[in-house]
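final_13.json (JSON, C-alpha atoms)
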```json
[["chain", "number", "residue", "atom", "x", "y", "z"],
["A", 1, "MET", "CA", -91.68, 20.97, 58.76],
["A", 2, "THR", "CA", -94.63, 22.02, 56.64],
["A", 3, "ASP", "CA", -96.20, 25.44, 56.94],
["A", 4, "VAL", "CA", -99.32, 23.90, 58.45],
["A", 5, "ALA", "CA", -97.31, 21.95, 61.02],
["A", 6, "ALA", "CA", -95.33, 25.08, 61.94],
["A", 7, "GLN", "CA", -98.53, 27.10, 62.27],
["A", 8, "LEU", "CA", -100.10, 24.41, 64.45],
["A", 9, "GLU", "CA", -97.02, 24.32, 66.66],
["A", 10, "ALA", "CA", -97.08, 28.12, 67.03],
["A", 11, "ILE", "CA", -100.81, 28.14, 67.83],
["A", 12, "THR", "CA", -100.35, 25.36, 70.39],
["A", 13, "ALA", "CA", -97.55, 27.28, 72.10],
["A", 14, "ARG", "CA", -99.63, 30.47, 72.20],
["A", 15, "LEU", "CA", -102.62, 28.55, 73.57],
["A", 16, "GLN", "CA", -100.45, 27.05, 76.33],
["A", 17, "VAL", "CA", -99.33, 30.54, 77.42],
["A", 18, "LEU", "CA", -102.96, 31.72, 77.52],
["A", 19, "GLU", "CA", -104.01, 28.68, 79.54],
["A", 20, "ASP", "CA", -101.10, 29.23, 81.94],
["A", 21, "GLN", "CA", -102.01, 32.90, 82.35],
["A", 22, "ALA", "CA", -105.64, 31.99, 83.04],
["A", 23, "GLU", "CA", -104.66, 29.36, 85.63],
["A", 24, "ILE", "CA", -102.29, 31.75, 87.41],
["A", 25, "THR", "CA", -104.86, 34.56, 87.35],
["A", 26, "ARG", "CA", -107.45, 32.22, 88.89],
["A", 27, "LEU", "CA", -104.94, 31.05, 91.52],
["A", 28, "ILE", "CA", -104.18, 34.65, 92.55],
["A", 29, "ALA", "CA", -107.88, 35.61, 92.51],
["A", 30, "SER", "CA", -108.70, 32.67, 94.80],
["A", 31, "TYR", "CA", -106.48, 34.00, 97.60],
["A", 32, "GLY", "CA", -108.92, 36.67, 98.85],
["A", 33, "PRO", "CA", -112.04, 34.52, 99.17],
["A", 34, "LEU", "CA", -110.09, 31.60, 100.62],
["A", 35, "VAL", "CA", -108.21, 33.65, 103.22],
["A", 36, "ASP", "CA", -111.37, 35.55, 104.22],
["A", 37, "ALA", "CA", -113.21, 32.22, 104.61],
["A", 38, "GLY", "CA", -110.38, 30.90, 106.79],
["A", 39, "CYS", "CA", -109.63, 27.99, 104.44],
["A", 40, "ALA", "CA", -106.09, 27.51, 105.69],
["A", 41, "ASP", "CA", -105.18, 24.34, 103.79],
["A", 42, "GLU", "CA", -106.53, 25.74, 100.51],
["A", 43, "VAL", "CA", -104.64, 29.00, 101.03],
["A", 44, "GLY", "CA", -101.51, 26.97, 101.78],
["A", 45, "ALA", "CA", -101.97, 24.98, 98.55],
["A", 46, "ILE", "CA", -101.41, 28.19, 96.57],
["A", 47, "TRP", "CA", -97.72, 27.82, 97.61],
["A", 48, "THR", "CA", -95.17, 25.07, 97.12],
["A", 49, "GLU", "CA", -94.10, 23.24, 100.30],
["A", 50, "ALA", "CA", -91.09, 25.58, 100.59],
["A", 51, "GLY", "CA", -92.97, 28.62, 99.29],
["A", 52, "ILE", "CA", -92.25, 32.00, 100.80],
["A", 53, "TYR", "CA", -94.76, 34.67, 101.79],
["A", 54, "ASP", "CA", -92.86, 37.84, 102.66],
["A", 55, "VAL", "CA", -95.12, 40.57, 104.04],
["A", 56, "ASP", "CA", -93.87, 43.85, 105.53],
["A", 57, "GLU", "CA", -94.44, 42.80, 109.10],
["A", 58, "MET", "CA", -94.00, 39.03, 108.83],
["A", 59, "TYR", "CA", -92.08, 36.39, 106.93],
["A", 60, "MET", "CA", -93.39, 32.89, 106.31],
["A", 61, "GLY", "CA", -90.86, 30.48, 104.82],
["A", 62, "SER", "CA", -93.04, 27.44, 104.16],
["A", 63, "ARG", "CA", -96.54, 26.31, 103.32],
["A", 64, "ALA", "CA", -96.91, 25.12, 106.92],
["A", 65, "GLU", "CA", -96.17, 28.63, 108.23],
["A", 66, "ILE", "CA", -98.74, 30.12, 105.84],
["A", 67, "VAL", "CA", -101.37, 27.63, 107.01],
["A", 68, "ALA", "CA", -100.48, 28.50, 110.63],
["A", 69, "MET", "CA", -100.91, 32.23, 109.88],
["A", 70, "VAL", "CA", -104.42, 31.65, 108.51],
["A", 71, "ASN", "CA", -105.30, 29.50, 111.52],
["A", 72, "GLY", "CA", -103.66, 31.94, 113.96],
["A", 73, "ASP", "CA", -105.45, 34.13, 116.46],
["A", 74, "ALA", "CA", -104.68, 37.41, 114.66],
["A", 75, "HIS", "CA", -106.10, 36.28, 111.33],
["A", 76, "GLN", "CA", -109.03, 34.43, 112.87],
["A", 77, "GLY", "CA", -109.89, 37.56, 114.87],
["A", 78, "LEU", "CA", -109.77, 39.66, 111.70],
["A", 79, "ILE", "CA", -112.10, 37.42, 109.72],
["A", 80, "ALA", "CA", -114.45, 36.91, 112.69],
["A", 81, "LYS", "CA", -115.20, 40.65, 112.56],
["A", 82, "GLY", "CA", -115.51, 40.67, 108.75],
["A", 83, "SER", "CA", -112.80, 41.32, 106.21],
["A", 84, "ALA", "CA", -112.35, 41.42, 102.46],
["A", 85, "HIS", "CA", -109.01, 40.95, 100.76],
["A", 86, "PHE", "CA", -109.59, 42.43, 97.28],
["A", 87, "LEU", "CA", -106.80, 41.59, 94.85],
["A", 88, "GLY", "CA", -106.92, 43.56, 91.63],
["A", 89, "PRO", "CA", -106.30, 42.08, 88.21],
["A", 90, "ALA", "CA", -102.88, 40.47, 87.93],
["A", 91, "THR", "CA", -100.38, 41.12, 85.18],
["A", 92, "VAL", "CA", -98.93, 37.67, 84.43],
["A", 93, "THR", "CA", -95.76, 36.91, 82.50],
["A", 94, "VAL", "CA", -95.13, 33.23, 81.70],
["A", 95, "ASP", "CA", -91.68, 31.94, 80.76],
["A", 96, "GLY", "CA", -91.89, 28.20, 80.21],
["A", 97, "ASP", "CA", -92.41, 26.54, 83.59],
["A", 98, "THR", "CA", -91.95, 29.73, 85.63],
["A", 99, "ALA", "CA", -93.96, 32.91, 85.83],
["A", 100, "VAL", "CA", -94.06, 36.31, 87.48],
["A", 101, "ALA", "CA", -97.22, 38.20, 88.33],
["A", 102, "VAL", "CA", -98.03, 41.49, 90.02],
["A", 103, "CYS", "CA", -101.25, 42.92, 91.41],
["A", 104, "GLN", "CA", -102.45, 45.50, 93.88],
["A", 105, "SER", "CA", -104.88, 44.96, 96.73],
["A", 106, "ILE", "CA", -107.08, 46.62, 99.27],
["A", 107, "LEU", "CA", -107.87, 45.03, 102.62],
["A", 108, "MET", "CA", -111.25, 46.13, 103.91],
["A", 109, "VAL", "CA", -112.20, 45.49, 107.53],
["A", 110, "HIS", "CA", -115.59, 45.68, 109.19],
["A", 111, "HIS", "CA", -115.63, 48.31, 111.91],
["A", 112, "LYS", "CA", -118.63, 49.91, 113.62],
["A", 113, "GLU", "CA", -121.20, 48.74, 111.07],
["A", 114, "ARG", "CA", -119.17, 49.79, 108.03],
["A", 115, "PHE", "CA", -116.18, 48.69, 106.03],
["A", 116, "ILE", "CA", -113.03, 50.76, 106.06],
["A", 117, "PRO", "CA", -109.82, 50.33, 104.09],
["A", 118, "ALA", "CA", -107.07, 49.00, 106.33],
["A", 119, "ARG", "CA", -104.25, 48.41, 103.87],
["A", 120, "ALA", "CA", -103.33, 49.03, 100.24],
["A", 121, "GLY", "CA", -100.59, 46.77, 98.97],
["A", 122, "ILE", "CA", -98.59, 45.49, 96.05],
["A", 123, "HIS", "CA", -97.98, 41.78, 95.52],
["A", 124, "HIS", "CA", -95.14, 40.37, 93.47],
["A", 125, "TRP", "CA", -95.67, 36.67, 92.78],
["A", 126, "GLU", "CA", -93.11, 34.15, 91.53],
["A", 127, "LEU", "CA", -94.62, 30.86, 90.44],
["A", 128, "GLU", "CA", -93.63, 27.52, 88.96],
["A", 129, "ARG", "CA", -95.44, 24.75, 87.17],
["A", 130, "THR", "CA", -95.62, 21.70, 89.45],
["A", 131, "ALA", "CA", -97.23, 18.27, 89.23],
["A", 132, "ASP", "CA", -100.21, 19.90, 91.02],
["A", 133, "GLY", "CA", -100.41, 22.83, 88.60],
["A", 134, "TRP", "CA", -99.08, 26.35, 89.10],
["A", 135, "GLN", "CA", -97.95, 27.18, 92.63],
["A", 136, "THR", "CA", -96.26, 30.14, 94.27],
["A", 137, "THR", "CA", -92.59, 29.90, 95.17],
["A", 138, "CYS", "CA", -92.39, 33.44, 96.54],
["A", 139, "ARG", "CA", -94.94, 36.18, 97.16],
["A", 140, "THR", "CA", -93.62, 39.53, 98.31],
["A", 141, "SER", "CA", -96.22, 41.95, 99.64],
["A", 142, "ARG", "CA", -95.47, 45.55, 100.49],
["A", 143, "LEU", "CA", -97.53, 48.46, 101.73],
["A", 144, "LEU", "CA", -98.18, 51.07, 99.03],
["A", 145, "ASP", "CA", -96.58, 53.89, 100.98],
["A", 146, "GLY", "CA", -94.48, 55.52, 98.26],
["A", 147, "ASP", "CA", -91.30, 53.68, 99.22],
["A", 148, "ALA", "CA", -88.78, 53.43, 96.35],
["A", 149, "GLU", "CA", -88.22, 49.69, 96.97],
["A", 150, "THR", "CA", -91.96, 49.08, 96.74],
["A", 151, "ARG", "CA", -92.21, 51.01, 93.47],
["A", 152, "ALA", "CA", -89.27, 49.02, 92.08],
["A", 153, "LEU", "CA", -90.99, 45.76, 93.09],
["A", 154, "MET", "CA", -94.15, 46.88, 91.29],
["A", 155, "ALA", "CA", -92.23, 47.78, 88.16],
["A", 156, "ALA", "CA", -90.33, 44.48, 88.18],
["A", 157, "GLY", "CA", -93.56, 42.53, 88.39],
["A", 158, "ALA", "CA", -95.18, 44.53, 85.60],
["A", 159, "LYS", "CA", -92.11, 43.80, 83.43],
["A", 160, "GLY", "CA", -92.21, 40.10, 84.28],
["A", 161, "GLU", "CA", -89.00, 40.25, 86.30],
["A", 162, "ARG", "CA", -88.23, 38.27, 89.42],
["A", 163, "ARG", "CA", -87.68, 40.31, 92.58],
["A", 164, "GLY", "CA", -84.24, 41.83, 92.96]]
```
Same coordinates, now as structure tokens:
Amino acid sequence: MTDVAAQLEAITARLQVLEDQAEITRLIASYGPLVDAGCADEVGAIWTEAGIYDVDEMYMGSRAEIVAMVNGDAHQGLIAKGSAHFLGPATVTVDGDTAVAVCQSILMVHHKERFIPARAGIHHWELERTADGWQTTCRTSRLLDGDAETRALMAAGAKGERRG
């Protein structure tokens, strides 16, 4: 292989990683606006069919369960009053056709003419490249309450490691 061909191959590989990181970052950033708008099918499309969404107080083991959560009375009641799921910038680590990302979030809810913080959380994402682009295979969300397991989950995500 010539030097130019090797350089082109290396540049192409680096560009692919950057494109993958950008696509995953956009996917994660889309969650807040979509879930606050009540776009259940679009929220569900962030996950694979068998994708997991593991939140402290609930466990959803499929895309259908995630769609049902968005369409459910509890979530619809939340967004009817006004809510904002702010997900901070994600740290994304791509490894071929899989990736790990981590970000923090604040859930703001409208209450008595003002917005108040209702939850601060950490989100550990595991993703895979599919025929439809990057999708989530597992998202683990935990309350930022100082718990050692939560801190370990944060650290794993920042290091590009799958959850333990």
Which value, in Å to one decimal, gives the distance between atom CA of Leu127 of chain A and atom CA of Leu8 of chain A?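 A separation of 27.3 Å between them.
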Surrounding residues of segment 80-97 of chain A excluding itself and chain neighbours under 4 positions, 8 Å, only C-alpha atoms, as a ChimeraX atom specification: /A:17,20-21,24-25,28-29,32-33,35-36,76,101-111,128-129,157-160
For atom CA of Ala64 of chain A and atom CA of Gln135 of chain A, the interatomic separation in Å (one decimal):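 According to the coordinates, atom CA of Ala64 of chain A and atom CA of Gln135 of chain A are separated by 14.5 Å.
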Would you compute the distance between atom CA of Gly72 of chain A and atom CA of Asp132 of chain A? Give it in Å to one decimal. 26.1 Å
From the set A:Glu19, A:Leu144, A:Thr136, A:Ser62, which residue has the shortest atom-to-atom contact distance to Ala120 of chain A, counting only C-alpha atoms? A:Leu144
Taking only C-alpha atoms into account, name the residue in A:Met69, A:Met154, A:Ala6, A:Val55 that is nearest to Asp41 of chain A.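 That would be A:Met69, the residue with the smallest distance to Asp41 of chain A.
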Residues within 6 Å of Gly51 of chain A, please, as a PyMOL selection string. Count only C-alpha atoms; anything in the same chain fewer than 4 positions from it doesn't count. chain A and resi 47+62-63+137-138
Quick one: residues within 10 Å of (-104.3, 26.7, 105.6) (file frame), counting all atoms listed in the file, please, as a VMD selection string. chain A and resid 34 to 35 38 to 46 63 to 72
Take the residues just selected and output them with C-alpha atoms as a short mmCIF file (atom, residue, chain, number, x, y, z; two decimals), keeping the file's coordinate frame.
```
data_model
loop_
_atom_site.label_atom_id
_atom_site.label_comp_id
_atom_site.auth_asym_id
_atom_site.auth_seq_id
_atom_site.Cartn_x
_atom_site.Cartn_y
_atom_site.Cartn_z
CA LEU A 34 -110.09 31.60 100.62
CA VAL A 35 -108.21 33.65 103.22
CA GLY A 38 -110.38 30.90 106.79
CA CYS A 39 -109.63 27.99 104.44
CA ALA A 40 -106.09 27.51 105.69
CA ASP A 41 -105.18 24.34 103.79
CA GLU A 42 -106.53 25.74 100.51
CA VAL A 43 -104.64 29.00 101.03
CA GLY A 44 -101.51 26.97 101.78
CA ALA A 45 -101.97 24.98 98.55
CA ILE A 46 -101.41 28.19 96.57
CA ARG A 63 -96.54 26.31 103.32
CA ALA A 64 -96.91 25.12 106.92
CA GLU A 65 -96.17 28.63 108.23
CA ILE A 66 -98.74 30.12 105.84
CA VAL A 67 -101.37 27.63 107.01
CA ALA A 68 -100.48 28.50 110.63
CA MET A 69 -100.91 32.23 109.88
CA VAL A 70 -104.42 31.65 108.51
CA ASN A 71 -105.30 29.50 111.52
CA GLY A 72 -103.66 31.94 113.96
#
```
With distances taken over all atoms listed in the file, which of A:Thr130, A:Thr98, A:Thr48, A:Ser141 is nearest to Glu161 of chain A? A:Thr98
Need to verify the contact set: Tyr53 of chain A, 7 Å, only C-alpha atoms, exclusion of same-chain residues closer than 4 positions in sequence. Can you return it as an MDAnalysis selection string? chainID A and resid 59:61 138:140
With only C-alpha atoms as the atoms that count, which of A:Asp3, A:His124, A:Asp56, A:Pro117 lies nearest to Ala155 of chain A?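 Closest candidate: A:His124.
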Take segment 57-90 of chain A from the block and save it with N, CA, C and O atoms, as a compact mmCIF listing (two decimals), in the first residue's frame.
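Output saved as out06.txt:
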```txt
# COMPACT_ATOMS: atom_id res chain seq x y z
N GLU A 57 -37.03 3.90 38.74
CA GLU A 57 -38.34 3.44 39.19
C GLU A 57 -39.11 2.62 38.16
O GLU A 57 -40.22 2.17 38.43
N MET A 58 -38.54 2.40 36.98
CA MET A 58 -39.24 1.59 36.00
C MET A 58 -38.25 0.93 35.04
O MET A 58 -37.13 1.41 34.87
N TYR A 59 -38.68 -0.16 34.46
CA TYR A 59 -37.86 -0.91 33.52
C TYR A 59 -38.71 -1.19 32.29
O TYR A 59 -39.80 -1.75 32.40
N MET A 60 -38.21 -0.76 31.14
CA MET A 60 -38.89 -1.03 29.88
C MET A 60 -37.96 -1.91 29.05
O MET A 60 -36.81 -1.53 28.81
N GLY A 61 -38.45 -3.07 28.64
CA GLY A 61 -37.61 -4.04 27.96
C GLY A 61 -37.83 -4.17 26.47
O GLY A 61 -37.41 -5.14 25.87
N SER A 62 -38.48 -3.16 25.87
CA SER A 62 -38.70 -3.19 24.42
C SER A 62 -39.09 -1.79 23.94
O SER A 62 -39.52 -0.95 24.73
N ARG A 63 -38.95 -1.61 22.64
CA ARG A 63 -39.39 -0.35 22.04
C ARG A 63 -40.87 -0.12 22.31
O ARG A 63 -41.29 1.00 22.63
N ALA A 64 -41.68 -1.17 22.22
CA ALA A 64 -43.12 -1.04 22.45
C ALA A 64 -43.41 -0.53 23.86
O ALA A 64 -44.31 0.30 24.05
N GLU A 65 -42.67 -0.98 24.84
CA GLU A 65 -42.87 -0.51 26.21
C GLU A 65 -42.46 0.96 26.37
O GLU A 65 -43.08 1.70 27.14
N ILE A 66 -41.45 1.37 25.64
CA ILE A 66 -41.01 2.77 25.69
C ILE A 66 -42.08 3.66 25.06
O ILE A 66 -42.45 4.71 25.61
N VAL A 67 -42.60 3.24 23.92
CA VAL A 67 -43.69 3.98 23.27
C VAL A 67 -44.89 4.06 24.21
O VAL A 67 -45.50 5.14 24.36
N ALA A 68 -45.23 2.97 24.87
CA ALA A 68 -46.36 2.96 25.81
C ALA A 68 -46.12 3.92 26.98
O ALA A 68 -47.05 4.59 27.43
N MET A 69 -44.87 4.01 27.46
CA MET A 69 -44.56 4.95 28.55
C MET A 69 -44.83 6.39 28.10
O MET A 69 -45.46 7.17 28.82
N VAL A 70 -44.38 6.74 26.90
CA VAL A 70 -44.59 8.11 26.41
C VAL A 70 -46.08 8.39 26.23
O VAL A 70 -46.55 9.49 26.53
N ASN A 71 -46.82 7.41 25.78
CA ASN A 71 -48.27 7.58 25.58
C ASN A 71 -49.07 7.42 26.88
O ASN A 71 -50.26 7.72 26.90
N GLY A 72 -48.42 6.97 27.95
CA GLY A 72 -49.12 6.69 29.20
C GLY A 72 -49.60 7.93 29.93
O GLY A 72 -49.13 9.05 29.69
N ASP A 73 -50.53 7.71 30.83
CA ASP A 73 -51.15 8.80 31.59
C ASP A 73 -50.12 9.62 32.39
O ASP A 73 -50.22 10.85 32.42
N ALA A 74 -49.17 8.95 33.02
CA ALA A 74 -48.21 9.69 33.85
C ALA A 74 -47.38 10.65 33.00
O ALA A 74 -47.23 11.82 33.36
N HIS A 75 -46.87 10.16 31.88
CA HIS A 75 -46.04 11.04 31.04
C HIS A 75 -46.90 12.11 30.36
O HIS A 75 -46.49 13.28 30.30
N GLN A 76 -48.05 11.73 29.87
CA GLN A 76 -48.93 12.71 29.22
C GLN A 76 -49.35 13.80 30.21
O GLN A 76 -49.44 14.97 29.85
N GLY A 77 -49.58 13.43 31.46
CA GLY A 77 -49.91 14.43 32.48
C GLY A 77 -48.75 15.36 32.75
O GLY A 77 -48.94 16.57 32.94
N LEU A 78 -47.54 14.83 32.76
CA LEU A 78 -46.34 15.65 32.96
C LEU A 78 -46.19 16.67 31.85
O LEU A 78 -46.01 17.87 32.11
N ILE A 79 -46.27 16.23 30.60
CA ILE A 79 -46.03 17.17 29.50
C ILE A 79 -47.20 18.12 29.29
O ILE A 79 -47.01 19.23 28.79
N ALA A 80 -48.40 17.73 29.72
CA ALA A 80 -49.56 18.62 29.61
C ALA A 80 -49.41 19.84 30.51
O ALA A 80 -49.94 20.92 30.21
N LYS A 81 -48.66 19.70 31.60
CA LYS A 81 -48.42 20.82 32.52
C LYS A 81 -47.20 21.63 32.10
O LYS A 81 -47.00 22.75 32.56
N GLY A 82 -46.33 21.03 31.27
CA GLY A 82 -45.11 21.69 30.82
C GLY A 82 -43.89 21.04 31.45
O GLY A 82 -43.79 20.96 32.67
N SER A 83 -43.02 20.53 30.62
CA SER A 83 -41.80 19.89 31.12
C SER A 83 -40.67 20.12 30.12
O SER A 83 -40.92 20.39 28.95
N ALA A 84 -39.46 19.99 30.60
CA ALA A 84 -38.29 20.11 29.74
C ALA A 84 -37.23 19.12 30.22
O ALA A 84 -36.71 19.24 31.32
N HIS A 85 -36.98 18.13 29.38
CA HIS A 85 -35.92 17.16 29.64
C HIS A 85 -34.65 17.71 28.98
O HIS A 85 -34.51 17.63 27.76
N PHE A 86 -33.76 18.28 29.77
CA PHE A 86 -32.49 18.81 29.24
C PHE A 86 -31.41 17.77 29.40
O PHE A 86 -31.03 17.42 30.52
N LEU A 87 -30.89 17.26 28.29
CA LEU A 87 -29.77 16.33 28.34
C LEU A 87 -28.52 17.10 27.98
O LEU A 87 -28.47 17.76 26.94
N GLY A 88 -27.52 17.03 28.85
CA GLY A 88 -26.27 17.72 28.61
C GLY A 88 -25.48 17.06 27.50
O GLY A 88 -25.85 16.02 26.98
N PRO A 89 -24.38 17.67 27.14
CA PRO A 89 -23.54 17.10 26.08
C PRO A 89 -23.13 15.67 26.44
O PRO A 89 -22.83 15.36 27.59
N ALA A 90 -23.15 14.81 25.43
CA ALA A 90 -22.80 13.41 25.64
C ALA A 90 -21.33 13.18 25.29
O ALA A 90 -20.82 13.73 24.33
```
